[in-house]
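J.: My structure file coords-v6.tsv, TSV, C-alpha atoms, is below:
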chain	number	residue	atom	x	y	z
A	33	MET	CA	-12.24	-15.80	36.69
A	34	SER	CA	-10.09	-18.07	34.52
A	35	SER	CA	-9.26	-17.25	30.92
A	36	ALA	CA	-10.51	-19.45	28.10
A	37	TYR	CA	-7.12	-19.17	26.44
A	38	ALA	CA	-4.17	-21.27	27.55
A	39	TYR	CA	-1.58	-19.06	25.81
A	40	GLU	CA	-0.79	-15.39	25.45
A	41	TYR	CA	1.00	-13.75	22.54
A	42	LYS	CA	3.35	-10.85	21.98
A	43	VAL	CA	4.41	-9.26	18.68
A	44	VAL	CA	7.72	-7.38	18.56
A	45	THR	CA	8.88	-5.18	15.67
A	46	PHE	CA	12.53	-5.63	14.67
A	47	ARG	CA	14.17	-3.28	12.19
A	48	GLU	CA	17.42	-1.50	11.61
A	49	SER	CA	17.72	2.24	12.16
A	50	LEU	CA	18.60	3.30	8.61
A	51	ILE	CA	17.12	2.38	5.26
A	52	GLY	CA	19.31	-0.11	3.45
A	53	ASP	CA	21.02	-1.51	6.55
A	54	ALA	CA	21.25	-5.27	6.72
A	55	LEU	CA	19.54	-6.88	9.68
A	56	ASP	CA	22.02	-7.40	12.48
A	57	SER	CA	21.96	-11.07	13.54
A	58	ASP	CA	23.64	-10.27	16.90
A	59	LYS	CA	20.88	-7.75	17.77
A	60	LEU	CA	18.21	-10.23	16.68
A	61	GLU	CA	19.78	-12.95	18.82
A	62	LYS	CA	19.78	-10.63	21.86
A	63	VAL	CA	16.07	-9.82	21.37
A	64	LEU	CA	15.20	-13.53	21.05
A	65	ASN	CA	17.23	-14.48	24.14
A	66	LYS	CA	15.76	-11.64	26.21
A	67	HIS	CA	12.22	-12.80	25.49
A	68	ALA	CA	13.18	-16.44	26.10
A	69	GLU	CA	14.42	-15.47	29.58
A	70	ASP	CA	10.91	-14.12	30.27
A	71	GLY	CA	9.32	-17.42	29.23
A	72	TRP	CA	8.36	-16.49	25.67
A	73	PHE	CA	8.74	-19.03	22.83
A	74	LEU	CA	9.31	-17.82	19.28
A	75	LYS	CA	6.20	-18.76	17.30
A	76	ALA	CA	6.89	-17.04	13.95
A	77	ILE	CA	9.11	-14.55	12.14
A	78	THR	CA	7.41	-12.56	9.40
A	79	SER	CA	9.04	-10.17	6.96
A	80	ALA	CA	7.06	-6.92	6.75
A	81	ASP	CA	7.24	-3.23	6.00
A	82	VAL	CA	7.70	-1.60	9.40
A	83	LYS	CA	6.98	2.07	10.05
A	84	GLY	CA	10.11	4.05	10.77
A	85	ARG	CA	10.58	6.46	13.65
A	86	ILE	CA	10.97	9.45	11.33
A	87	GLY	CA	8.60	10.24	8.49
A	88	PRO	CA	5.60	8.44	7.04
A	89	GLY	CA	7.50	5.75	5.11
A	90	ALA	CA	8.21	2.19	6.10
A	91	VAL	CA	11.37	0.09	5.96
A	92	GLU	CA	11.81	-3.62	5.63
A	93	GLY	CA	11.84	-5.36	8.96
A	94	LEU	CA	10.61	-8.37	10.89
A	95	LEU	CA	7.63	-9.06	13.09
A	96	LEU	CA	8.57	-11.54	15.83
A	97	THR	CA	5.59	-13.38	17.28
A	98	PHE	CA	6.10	-14.96	20.70
A	99	GLU	CA	3.88	-17.33	22.66
A	100	ARG	CA	3.87	-18.49	26.28
A	101	PRO	CA	1.46	-20.32	28.56
A	102	ARG	CA	-0.78	-18.07	30.62
A	103	GLY	CA	-0.27	-18.22	34.26
Turn this file's structure into structure tokens for me.

T.:
Amino acid sequence: MSSAYAYEYKVVTFRESLIGDALDSDKLEKVLNKHAEDGWFLKAITSADVKGRIGPGAVEGLLLTFERPRG
């Protein structure tokens, strides 16, 4: 059975480990390049409050939305 959608999407959360840290452009570049190697194209970058690993609060971060053709 073939899918009605020609593309698939993936959303990746990107944040730093401690509140107040600046986003590390080298880390971001590595994440983008890793997904590009797997055939994903960056569709959008959205600034958002991202839940931290510890506690109920959120920190500022990015949502990276990737797209690639199905197949």

J.: When you count all atoms listed in the file, which of these residues is closest to Phe98 (chain A): A:Glu69, A:Asp56, A:Asp81, A:Leu74?

T.: A:Leu74

J.: Report, in Å to a single decimal, how far apart CA of Thr45 (chain A) and CA of Glu99 (chain A) are.

T.: 14.9 Å

J.: I need the residue nearest Ala80 (chain A) from this list: A:Val44, A:Ala36, A:Ala68, A:Leu60. Use all atoms listed in the file for the distance.

T.: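 Closest residue, counting all atoms listed in the file: A:Val44.
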
J.: What gap, in Å, lies between CA of Leu55 (chain A) and CA of Ser79 (chain A)?

T.: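 Interatomic distance here is 11.3 Å.
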
J.: Which value, in Å to one decimal, gives the distance between CA of Thr97 (chain A) and CA of Glu61 (chain A)?

T.: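 Atom-to-atom, CA of Thr97 (chain A) and CA of Glu61 (chain A) are spaced 14.3 Å apart.
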
J.: Please provide as JSON, numbers by chain all residues within 12 Å of Gly71 (chain A), with the sequence filter that same-chain residues fewer than 2 positions apart are discarded (counting only C-alpha atoms).

T.: {"A": [39, 40, 41, 42, 64, 65, 66, 67, 68, 69, 73, 74, 98, 99, 100, 101, 102, 103]}
